[in-house]
Structure formats: structure tokens, C-alpha cells
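Participant: What follows is upload_15.cif; its format and atoms are mmCIF, N, CA, C and O atoms.
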```cif
data_protein
loop_
_atom_site.group_PDB
_atom_site.id
_atom_site.type_symbol
_atom_site.label_atom_id
_atom_site.label_comp_id
_atom_site.auth_asym_id
_atom_site.auth_seq_id
_atom_site.Cartn_x
_atom_site.Cartn_y
_atom_site.Cartn_z
ATOM 1 N N MET U 1 -21.915 48.557 139.734
ATOM 2 C CA MET U 1 -22.507 47.530 138.910
ATOM 3 C C MET U 1 -21.500 46.408 138.683
ATOM 4 O O MET U 1 -20.410 46.646 138.185
ATOM 5 N N ILE U 2 -21.876 45.208 139.005
ATOM 6 C CA ILE U 2 -21.041 44.049 138.769
ATOM 7 C C ILE U 2 -21.356 43.512 137.374
ATOM 8 O O ILE U 2 -22.525 43.363 137.015
ATOM 9 N N LYS U 3 -20.333 43.217 136.593
ATOM 10 C CA LYS U 3 -20.530 42.695 135.244
ATOM 11 C C LYS U 3 -21.188 41.327 135.320
ATOM 12 O O LYS U 3 -20.781 40.473 136.095
ATOM 13 N N ASN U 4 -22.232 41.142 134.507
ATOM 14 C CA ASN U 4 -22.885 39.840 134.456
ATOM 15 C C ASN U 4 -23.144 39.387 133.020
ATOM 16 O O ASN U 4 -23.892 38.457 132.786
ATOM 17 N N VAL U 5 -22.517 40.067 132.051
ATOM 18 C CA VAL U 5 -22.648 39.708 130.644
ATOM 19 C C VAL U 5 -21.268 39.315 130.138
ATOM 20 O O VAL U 5 -20.339 40.126 130.153
ATOM 21 N N GLY U 6 -21.123 38.066 129.714
ATOM 22 C CA GLY U 6 -19.840 37.547 129.244
ATOM 23 C C GLY U 6 -19.503 38.011 127.839
ATOM 24 O O GLY U 6 -20.285 38.682 127.167
ATOM 25 N N SER U 7 -18.331 37.631 127.362
ATOM 26 C CA SER U 7 -17.824 38.120 126.084
ATOM 27 C C SER U 7 -18.649 37.644 124.888
ATOM 28 O O SER U 7 -18.949 38.425 123.986
ATOM 29 N N THR U 8 -19.036 36.371 124.858
ATOM 30 C CA THR U 8 -19.855 35.873 123.747
ATOM 31 C C THR U 8 -21.232 36.511 123.784
ATOM 32 O O THR U 8 -21.751 36.949 122.748
ATOM 33 N N ASP U 9 -21.819 36.572 124.958
ATOM 34 C CA ASP U 9 -23.122 37.205 125.155
ATOM 35 C C ASP U 9 -23.058 38.673 124.725
ATOM 36 O O ASP U 9 -23.950 39.183 124.050
ATOM 37 N N ARG U 10 -21.981 39.330 125.090
ATOM 38 C CA ARG U 10 -21.781 40.745 124.753
ATOM 39 C C ARG U 10 -21.722 40.944 123.242
ATOM 40 O O ARG U 10 -22.368 41.838 122.695
ATOM 41 N N LEU U 11 -20.960 40.101 122.562
ATOM 42 C CA LEU U 11 -20.820 40.209 121.116
ATOM 43 C C LEU U 11 -22.162 40.001 120.416
ATOM 44 O O LEU U 11 -22.524 40.752 119.505
ATOM 45 N N ILE U 12 -22.915 39.013 120.866
ATOM 46 C CA ILE U 12 -24.237 38.747 120.287
ATOM 47 C C ILE U 12 -25.161 39.940 120.502
ATOM 48 O O ILE U 12 -25.885 40.354 119.593
ATOM 49 N N ARG U 13 -25.146 40.523 121.694
ATOM 50 C CA ARG U 13 -25.985 41.683 121.989
ATOM 51 C C ARG U 13 -25.617 42.881 121.112
ATOM 52 O O ARG U 13 -26.493 43.582 120.609
ATOM 53 N N LEU U 14 -24.313 43.123 120.947
ATOM 54 C CA LEU U 14 -23.875 44.259 120.142
ATOM 55 C C LEU U 14 -24.267 44.092 118.676
ATOM 56 O O LEU U 14 -24.759 45.035 118.046
ATOM 57 N N ILE U 15 -24.080 42.900 118.142
ATOM 58 C CA ILE U 15 -24.438 42.651 116.741
ATOM 59 C C ILE U 15 -25.949 42.726 116.546
ATOM 60 O O ILE U 15 -26.438 43.393 115.619
ATOM 61 N N ALA U 16 -26.708 42.074 117.427
ATOM 62 C CA ALA U 16 -28.172 42.086 117.304
ATOM 63 C C ALA U 16 -28.724 43.496 117.475
ATOM 64 O O ALA U 16 -29.626 43.912 116.732
ATOM 65 N N GLY U 17 -28.191 44.250 118.430
ATOM 66 C CA GLY U 17 -28.646 45.626 118.641
ATOM 67 C C GLY U 17 -28.381 46.499 117.434
ATOM 68 O O GLY U 17 -29.239 47.291 117.018
ATOM 69 N N ALA U 18 -27.200 46.359 116.836
ATOM 70 C CA ALA U 18 -26.864 47.141 115.646
ATOM 71 C C ALA U 18 -27.788 46.782 114.485
ATOM 72 O O ALA U 18 -28.285 47.671 113.773
ATOM 73 N N ILE U 19 -28.055 45.492 114.292
ATOM 74 C CA ILE U 19 -28.950 45.068 113.210
ATOM 75 C C ILE U 19 -30.351 45.624 113.411
ATOM 76 O O ILE U 19 -30.979 46.127 112.470
ATOM 77 N N LEU U 20 -30.859 45.548 114.642
ATOM 78 C CA LEU U 20 -32.199 46.070 114.910
ATOM 79 C C LEU U 20 -32.283 47.572 114.668
ATOM 80 O O LEU U 20 -33.272 48.076 114.134
ATOM 81 N N LEU U 21 -31.237 48.298 115.039
ATOM 82 C CA LEU U 21 -31.238 49.746 114.779
ATOM 83 C C LEU U 21 -31.146 50.045 113.289
ATOM 84 O O LEU U 21 -31.773 50.989 112.804
ATOM 85 N N ILE U 22 -30.374 49.243 112.554
ATOM 86 C CA ILE U 22 -30.278 49.424 111.101
ATOM 87 C C ILE U 22 -31.635 49.198 110.448
ATOM 88 O O ILE U 22 -31.973 49.840 109.452
ATOM 89 N N ILE U 23 -32.437 48.313 111.011
ATOM 90 C CA ILE U 23 -33.784 48.058 110.491
ATOM 91 C C ILE U 23 -34.745 49.176 110.898
ATOM 92 O O ILE U 23 -35.546 49.644 110.089
ATOM 93 N N ALA U 24 -34.666 49.622 112.153
ATOM 94 C CA ALA U 24 -35.665 50.548 112.692
ATOM 95 C C ALA U 24 -35.466 51.996 112.261
ATOM 96 O O ALA U 24 -36.441 52.679 111.940
ATOM 97 N N VAL U 25 -34.243 52.479 112.260
ATOM 98 C CA VAL U 25 -34.000 53.908 112.020
ATOM 99 C C VAL U 25 -34.496 54.373 110.649
ATOM 100 O O VAL U 25 -35.192 55.397 110.572
ATOM 101 N N PRO U 26 -34.187 53.672 109.552
ATOM 102 C CA PRO U 26 -34.719 54.144 108.258
ATOM 103 C C PRO U 26 -36.242 54.150 108.205
ATOM 104 O O PRO U 26 -36.842 55.031 107.590
ATOM 105 N N SER U 27 -36.877 53.185 108.858
ATOM 106 C CA SER U 27 -38.331 53.140 108.878
ATOM 107 C C SER U 27 -38.902 54.329 109.652
ATOM 108 O O SER U 27 -39.878 54.947 109.236
ATOM 109 N N LEU U 28 -38.264 54.670 110.780
ATOM 110 C CA LEU U 28 -38.721 55.812 111.574
ATOM 111 C C LEU U 28 -38.499 57.121 110.835
ATOM 112 O O LEU U 28 -39.268 58.069 110.987
ATOM 113 N N ALA U 29 -37.443 57.178 110.016
ATOM 114 C CA ALA U 29 -37.143 58.395 109.259
ATOM 115 C C ALA U 29 -37.932 58.472 107.957
ATOM 116 O O ALA U 29 -37.836 59.459 107.233
ATOM 117 N N GLY U 30 -38.706 57.431 107.651
ATOM 118 C CA GLY U 30 -39.513 57.429 106.434
ATOM 119 C C GLY U 30 -38.718 57.113 105.187
ATOM 120 O O GLY U 30 -39.158 57.383 104.077
ATOM 121 N N MET U 31 -37.539 56.550 105.333
ATOM 122 C CA MET U 31 -36.689 56.256 104.183
ATOM 123 C C MET U 31 -36.768 54.789 103.753
ATOM 124 O O MET U 31 -36.162 54.418 102.758
ATOM 125 N N ALA U 32 -37.443 53.938 104.493
ATOM 126 C CA ALA U 32 -37.487 52.518 104.179
ATOM 127 C C ALA U 32 -38.597 52.232 103.182
ATOM 128 O O ALA U 32 -39.617 52.918 103.136
ATOM 129 N N PHE U 33 -38.378 51.232 102.354
ATOM 130 C CA PHE U 33 -39.388 50.828 101.382
ATOM 131 C C PHE U 33 -40.575 50.151 102.062
ATOM 132 O O PHE U 33 -41.703 50.299 101.651
ATOM 133 N N VAL U 34 -40.294 49.429 103.111
ATOM 134 C CA VAL U 34 -41.342 48.739 103.869
ATOM 135 C C VAL U 34 -41.491 49.438 105.214
ATOM 136 O O VAL U 34 -40.573 49.440 106.024
ATOM 137 N N GLY U 35 -42.640 50.054 105.435
ATOM 138 C CA GLY U 35 -42.874 50.727 106.707
ATOM 139 C C GLY U 35 -43.216 49.722 107.795
ATOM 140 O O GLY U 35 -44.011 48.815 107.582
ATOM 141 N N LEU U 36 -42.601 49.875 108.931
ATOM 142 C CA LEU U 36 -42.877 48.981 110.050
ATOM 143 C C LEU U 36 -43.927 49.558 110.989
ATOM 144 O O LEU U 36 -44.330 48.906 111.939
ATOM 145 N N GLY U 37 -44.335 50.783 110.740
ATOM 146 C CA GLY U 37 -45.326 51.422 111.589
ATOM 147 C C GLY U 37 -44.850 51.570 113.016
ATOM 148 O O GLY U 37 -43.702 51.914 113.283
ATOM 149 N N GLY U 38 -45.723 51.274 113.962
ATOM 150 C CA GLY U 38 -45.399 51.376 115.380
ATOM 151 C C GLY U 38 -44.362 50.354 115.826
ATOM 152 O O GLY U 38 -43.705 50.531 116.851
ATOM 153 N N TRP U 39 -44.208 49.289 115.057
ATOM 154 C CA TRP U 39 -43.215 48.263 115.391
ATOM 155 C C TRP U 39 -41.796 48.819 115.324
ATOM 156 O O TRP U 39 -40.897 48.317 115.999
ATOM 157 N N ALA U 40 -41.579 49.820 114.497
ATOM 158 C CA ALA U 40 -40.234 50.391 114.361
ATOM 159 C C ALA U 40 -39.750 50.955 115.693
ATOM 160 O O ALA U 40 -38.569 50.831 116.023
ATOM 161 N N TRP U 41 -40.647 51.558 116.450
ATOM 162 C CA TRP U 41 -40.263 52.089 117.767
ATOM 163 C C TRP U 41 -39.846 50.969 118.704
ATOM 164 O O TRP U 41 -38.837 51.075 119.411
ATOM 165 N N LEU U 42 -40.611 49.899 118.730
ATOM 166 C CA LEU U 42 -40.296 48.767 119.597
ATOM 167 C C LEU U 42 -38.972 48.121 119.182
ATOM 168 O O LEU U 42 -38.124 47.834 120.029
ATOM 169 N N ILE U 43 -38.797 47.917 117.883
ATOM 170 C CA ILE U 43 -37.551 47.336 117.376
ATOM 171 C C ILE U 43 -36.375 48.236 117.726
ATOM 172 O O ILE U 43 -35.315 47.772 118.143
ATOM 173 N N GLY U 44 -36.551 49.547 117.587
ATOM 174 C CA GLY U 44 -35.495 50.496 117.928
ATOM 175 C C GLY U 44 -35.156 50.478 119.411
ATOM 176 O O GLY U 44 -33.987 50.508 119.793
ATOM 177 N N LEU U 45 -36.165 50.415 120.266
ATOM 178 C CA LEU U 45 -35.931 50.370 121.710
ATOM 179 C C LEU U 45 -35.211 49.097 122.134
ATOM 180 O O LEU U 45 -34.308 49.137 122.975
ATOM 181 N N VAL U 46 -35.593 47.977 121.549
ATOM 182 C CA VAL U 46 -34.911 46.717 121.855
ATOM 183 C C VAL U 46 -33.460 46.793 121.384
ATOM 184 O O VAL U 46 -32.542 46.351 122.082
ATOM 185 N N GLY U 47 -33.240 47.393 120.208
ATOM 186 C CA GLY U 47 -31.878 47.562 119.699
ATOM 187 C C GLY U 47 -31.027 48.417 120.613
ATOM 188 O O GLY U 47 -29.876 48.079 120.907
ATOM 189 N N VAL U 48 -31.583 49.507 121.102
ATOM 190 C CA VAL U 48 -30.855 50.387 122.031
ATOM 191 C C VAL U 48 -30.557 49.650 123.339
ATOM 192 O O VAL U 48 -29.449 49.751 123.879
ATOM 193 N N ALA U 49 -31.535 48.893 123.836
ATOM 194 C CA ALA U 49 -31.329 48.145 125.082
ATOM 195 C C ALA U 49 -30.224 47.099 124.921
ATOM 196 O O ALA U 49 -29.372 46.945 125.801
ATOM 197 N N LEU U 50 -30.222 46.406 123.791
ATOM 198 C CA LEU U 50 -29.180 45.409 123.552
ATOM 199 C C LEU U 50 -27.803 46.062 123.452
ATOM 200 O O LEU U 50 -26.821 45.560 124.005
ATOM 201 N N LEU U 51 -27.727 47.186 122.741
ATOM 202 C CA LEU U 51 -26.445 47.888 122.644
ATOM 203 C C LEU U 51 -25.975 48.376 124.013
ATOM 204 O O LEU U 51 -24.801 48.248 124.352
ATOM 205 N N ALA U 52 -26.888 48.913 124.799
ATOM 206 C CA ALA U 52 -26.518 49.434 126.119
ATOM 207 C C ALA U 52 -26.023 48.314 127.030
ATOM 208 O O ALA U 52 -24.986 48.462 127.683
ATOM 209 N N THR U 53 -26.726 47.188 127.053
ATOM 210 C CA THR U 53 -26.291 46.089 127.918
ATOM 211 C C THR U 53 -24.986 45.483 127.423
ATOM 212 O O THR U 53 -24.158 45.047 128.219
ATOM 213 N N GLY U 54 -24.784 45.480 126.114
ATOM 214 C CA GLY U 54 -23.532 44.986 125.565
ATOM 215 C C GLY U 54 -22.363 45.893 125.891
ATOM 216 O O GLY U 54 -21.270 45.432 126.211
ATOM 217 N N LEU U 55 -22.585 47.194 125.826
ATOM 218 C CA LEU U 55 -21.515 48.150 126.118
ATOM 219 C C LEU U 55 -21.193 48.226 127.605
ATOM 220 O O LEU U 55 -20.045 48.418 127.996
ATOM 221 N N LEU U 56 -22.211 48.074 128.446
ATOM 222 C CA LEU U 56 -22.017 48.180 129.891
ATOM 223 C C LEU U 56 -21.641 46.847 130.546
ATOM 224 O O LEU U 56 -21.252 46.822 131.712
ATOM 225 N N ASN U 57 -21.777 45.750 129.803
ATOM 226 C CA ASN U 57 -21.538 44.410 130.364
ATOM 227 C C ASN U 57 -22.436 44.127 131.570
ATOM 228 O O ASN U 57 -22.065 43.376 132.471
ATOM 229 N N PHE U 58 -23.591 44.717 131.607
ATOM 230 C CA PHE U 58 -24.524 44.522 132.707
ATOM 231 C C PHE U 58 -25.939 44.453 132.162
ATOM 232 O O PHE U 58 -26.349 45.279 131.346
ATOM 233 N N CYS U 59 -26.695 43.456 132.638
ATOM 234 C CA CYS U 59 -28.086 43.298 132.240
ATOM 235 C C CYS U 59 -28.944 43.230 133.503
ATOM 236 O O CYS U 59 -28.742 42.346 134.351
ATOM 237 N N GLY U 60 -29.868 44.152 133.636
ATOM 238 C CA GLY U 60 -30.746 44.183 134.800
ATOM 239 C C GLY U 60 -31.616 42.946 134.912
ATOM 240 O O GLY U 60 -31.856 42.445 136.015
ATOM 241 N N ALA U 61 -32.085 42.427 133.775
ATOM 242 C CA ALA U 61 -32.908 41.218 133.802
ATOM 243 C C ALA U 61 -32.089 40.027 134.298
ATOM 244 O O ALA U 61 -32.587 39.195 135.062
ATOM 245 N N TYR U 62 -30.825 39.949 133.878
ATOM 246 C CA TYR U 62 -29.944 38.883 134.379
ATOM 247 C C TYR U 62 -29.792 39.001 135.887
ATOM 248 O O TYR U 62 -29.778 38.007 136.588
ATOM 249 N N LYS U 63 -29.655 40.214 136.378
ATOM 250 C CA LYS U 63 -29.499 40.450 137.824
ATOM 251 C C LYS U 63 -30.723 39.919 138.576
ATOM 252 O O LYS U 63 -30.590 39.233 139.583
ATOM 253 N N LEU U 64 -31.919 40.237 138.075
ATOM 254 C CA LEU U 64 -33.150 39.782 138.721
ATOM 255 C C LEU U 64 -33.299 38.261 138.690
ATOM 256 O O LEU U 64 -33.819 37.659 139.633
ATOM 257 N N LEU U 65 -32.838 37.649 137.602
ATOM 258 C CA LEU U 65 -32.985 36.206 137.438
ATOM 259 C C LEU U 65 -31.799 35.415 137.997
ATOM 260 O O LEU U 65 -31.820 34.188 137.986
ATOM 261 N N GLY U 66 -30.767 36.125 138.448
ATOM 262 C CA GLY U 66 -29.598 35.449 139.007
ATOM 263 C C GLY U 66 -28.709 34.801 137.963
ATOM 264 O O GLY U 66 -28.008 33.841 138.248
ATOM 265 N N ILE U 67 -28.733 35.324 136.735
ATOM 266 C CA ILE U 67 -27.931 34.769 135.643
ATOM 267 C C ILE U 67 -26.638 35.567 135.530
ATOM 268 O O ILE U 67 -26.634 36.792 135.656
ATOM 269 N N ASN U 68 -25.538 34.869 135.270
ATOM 270 C CA ASN U 68 -24.254 35.525 135.076
ATOM 271 C C ASN U 68 -23.489 34.749 134.012
ATOM 272 O O ASN U 68 -23.106 33.605 134.227
ATOM 273 N N THR U 69 -23.290 35.358 132.834
ATOM 274 C CA THR U 69 -22.546 34.703 131.748
ATOM 275 C C THR U 69 -21.101 35.192 131.704
ATOM 276 O O THR U 69 -20.341 34.781 130.840
ATOM 277 N N CYS U 70 -20.739 36.055 132.626
ATOM 278 C CA CYS U 70 -19.384 36.601 132.691
ATOM 279 C C CYS U 70 -18.503 35.666 133.511
ATOM 280 O O CYS U 70 -18.834 35.314 134.637
ATOM 281 N N LYS U 71 -17.384 35.268 132.928
ATOM 282 C CA LYS U 71 -16.457 34.399 133.651
ATOM 283 C C LYS U 71 -15.736 35.217 134.710
ATOM 284 O O LYS U 71 -15.252 36.306 134.449
ATOM 285 N N THR U 72 -15.696 34.677 135.904
ATOM 286 C CA THR U 72 -14.999 35.373 136.997
ATOM 287 C C THR U 72 -13.709 34.624 137.337
ATOM 288 O O THR U 72 -13.656 33.401 137.254
ATOM 289 N N ILE U 73 -12.713 35.374 137.723
ATOM 290 C CA ILE U 73 -11.433 34.787 138.095
ATOM 291 C C ILE U 73 -11.419 34.585 139.609
ATOM 292 O O ILE U 73 -11.647 35.522 140.377
ATOM 293 N N HIS U 74 -11.174 33.393 140.059
ATOM 294 C CA HIS U 74 -11.144 33.092 141.497
ATOM 295 C C HIS U 74 -9.725 32.923 141.963
ATOM 296 O O HIS U 74 -8.895 32.366 141.410
#
```
In C-alpha cells, write the structure found in this file.
Facilitator:
Amino acid sequence: MIKNVGSTDRLIRLIAGAILLIIAVPSLAGMAFVGLGGWAWLIGLVGVALLATGLLNFCGAYKLLGINTCKTIH
């Protein structure tokens, strides 16, 4: 896998993924005051995907679209 997620992009993904999981997990566990219903699963999955792409520095959608935010040294 070639890295295609740059440092700023990575940081944004990690922060956004963590926030989404902080929102989704309590709702899925029934501990949240406001239930998100089925949306909690979607929010949780997006959070996991963002964390995974941030940790791996690779995004499959970027690969398909030909996007690369990672600076390369020539």
C-alpha cells in the first residue's frame, strides 16, 4: 500500500473519527440522553473508517479518484 494521506489530512481524519465514535458508542450502548437510533451505527462505521484511514495513511477512495495528499520526496 502506497501512502496517499498526508499529515494534515491524517490529523483531521483521526480527530473526526474519534469525535464520531465518542458520539456513537454511548448511543449504541444505551447510555446517551439522546438516542440516535440506526444513525448511531452509520456514525460509528464512518468513525471507524476515518480512524483506520488515518492510522494506515491510506484511503481507498483517494486511490480510486487519483488523489494524493501525502507529500513525496523526489
Participant: If you measure from atom N of Asn4 of chain U to atom N of Ala16 of chain U, what distance in Å do you get, rounded to one decimal?
Facilitator: 17.7 Å
Participant: Hey, can you check how far atom CA of Ala29 of chain U sits from atom CA of Leu11 of chain U?
Facilitator: 27.2 Å
Participant: Could you tell me how far atom O of Leu56 of chain U sits from atom N of Cys70 of chain U, in Å to one decimal place?
Facilitator: 10.8 Å
Participant: Mind telling me what the PyMOL selection byres (((chain U and resi 41 and name CA) around 12) and name CA) catches here, as a PyMOL selection string?
Facilitator: chain U and resi 20-21+23-29+35-40+42-48
Participant: I'd like to see the residues matched by the PyMOL selection byres ((chain U and resi 3) around 8) on this file, and ideally I'd get them as an NGL selection string.
Facilitator: :U and (1-2 or 4-6 or 56-59 or 67-72)
Participant: Mind writing the picked residues with N, CA, C and O atoms as a tab-separated table (two decimals), in the coordinates of the input?
Facilitator:
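Dumped to part_11.tsv:
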```tsv
chain	number	residue	atom	x	y	z
U	1	MET	N	-21.92	48.56	139.73
U	1	MET	CA	-22.51	47.53	138.91
U	1	MET	C	-21.50	46.41	138.68
U	1	MET	O	-20.41	46.65	138.18
U	2	ILE	N	-21.88	45.21	139.00
U	2	ILE	CA	-21.04	44.05	138.77
U	2	ILE	C	-21.36	43.51	137.37
U	2	ILE	O	-22.52	43.36	137.01
U	4	ASN	N	-22.23	41.14	134.51
U	4	ASN	CA	-22.88	39.84	134.46
U	4	ASN	C	-23.14	39.39	133.02
U	4	ASN	O	-23.89	38.46	132.79
U	5	VAL	N	-22.52	40.07	132.05
U	5	VAL	CA	-22.65	39.71	130.64
U	5	VAL	C	-21.27	39.32	130.14
U	5	VAL	O	-20.34	40.13	130.15
U	6	GLY	N	-21.12	38.07	129.71
U	6	GLY	CA	-19.84	37.55	129.24
U	6	GLY	C	-19.50	38.01	127.84
U	6	GLY	O	-20.28	38.68	127.17
U	56	LEU	N	-22.21	48.07	128.45
U	56	LEU	CA	-22.02	48.18	129.89
U	56	LEU	C	-21.64	46.85	130.55
U	56	LEU	O	-21.25	46.82	131.71
U	57	ASN	N	-21.78	45.75	129.80
U	57	ASN	CA	-21.54	44.41	130.36
U	57	ASN	C	-22.44	44.13	131.57
U	57	ASN	O	-22.06	43.38	132.47
U	58	PHE	N	-23.59	44.72	131.61
U	58	PHE	CA	-24.52	44.52	132.71
U	58	PHE	C	-25.94	44.45	132.16
U	58	PHE	O	-26.35	45.28	131.35
U	59	CYS	N	-26.70	43.46	132.64
U	59	CYS	CA	-28.09	43.30	132.24
U	59	CYS	C	-28.94	43.23	133.50
U	59	CYS	O	-28.74	42.35	134.35
U	67	ILE	N	-28.73	35.32	136.74
U	67	ILE	CA	-27.93	34.77	135.64
U	67	ILE	C	-26.64	35.57	135.53
U	67	ILE	O	-26.63	36.79	135.66
U	68	ASN	N	-25.54	34.87	135.27
U	68	ASN	CA	-24.25	35.52	135.08
U	68	ASN	C	-23.49	34.75	134.01
U	68	ASN	O	-23.11	33.60	134.23
U	69	THR	N	-23.29	35.36	132.83
U	69	THR	CA	-22.55	34.70	131.75
U	69	THR	C	-21.10	35.19	131.70
U	69	THR	O	-20.34	34.78	130.84
U	70	CYS	N	-20.74	36.06	132.63
U	70	CYS	CA	-19.38	36.60	132.69
U	70	CYS	C	-18.50	35.67	133.51
U	70	CYS	O	-18.83	35.31	134.64
U	71	LYS	N	-17.38	35.27	132.93
U	71	LYS	CA	-16.46	34.40	133.65
U	71	LYS	C	-15.74	35.22	134.71
U	71	LYS	O	-15.25	36.31	134.45
U	72	THR	N	-15.70	34.68	135.90
U	72	THR	CA	-15.00	35.37	137.00
U	72	THR	C	-13.71	34.62	137.34
U	72	THR	O	-13.66	33.40	137.25
```
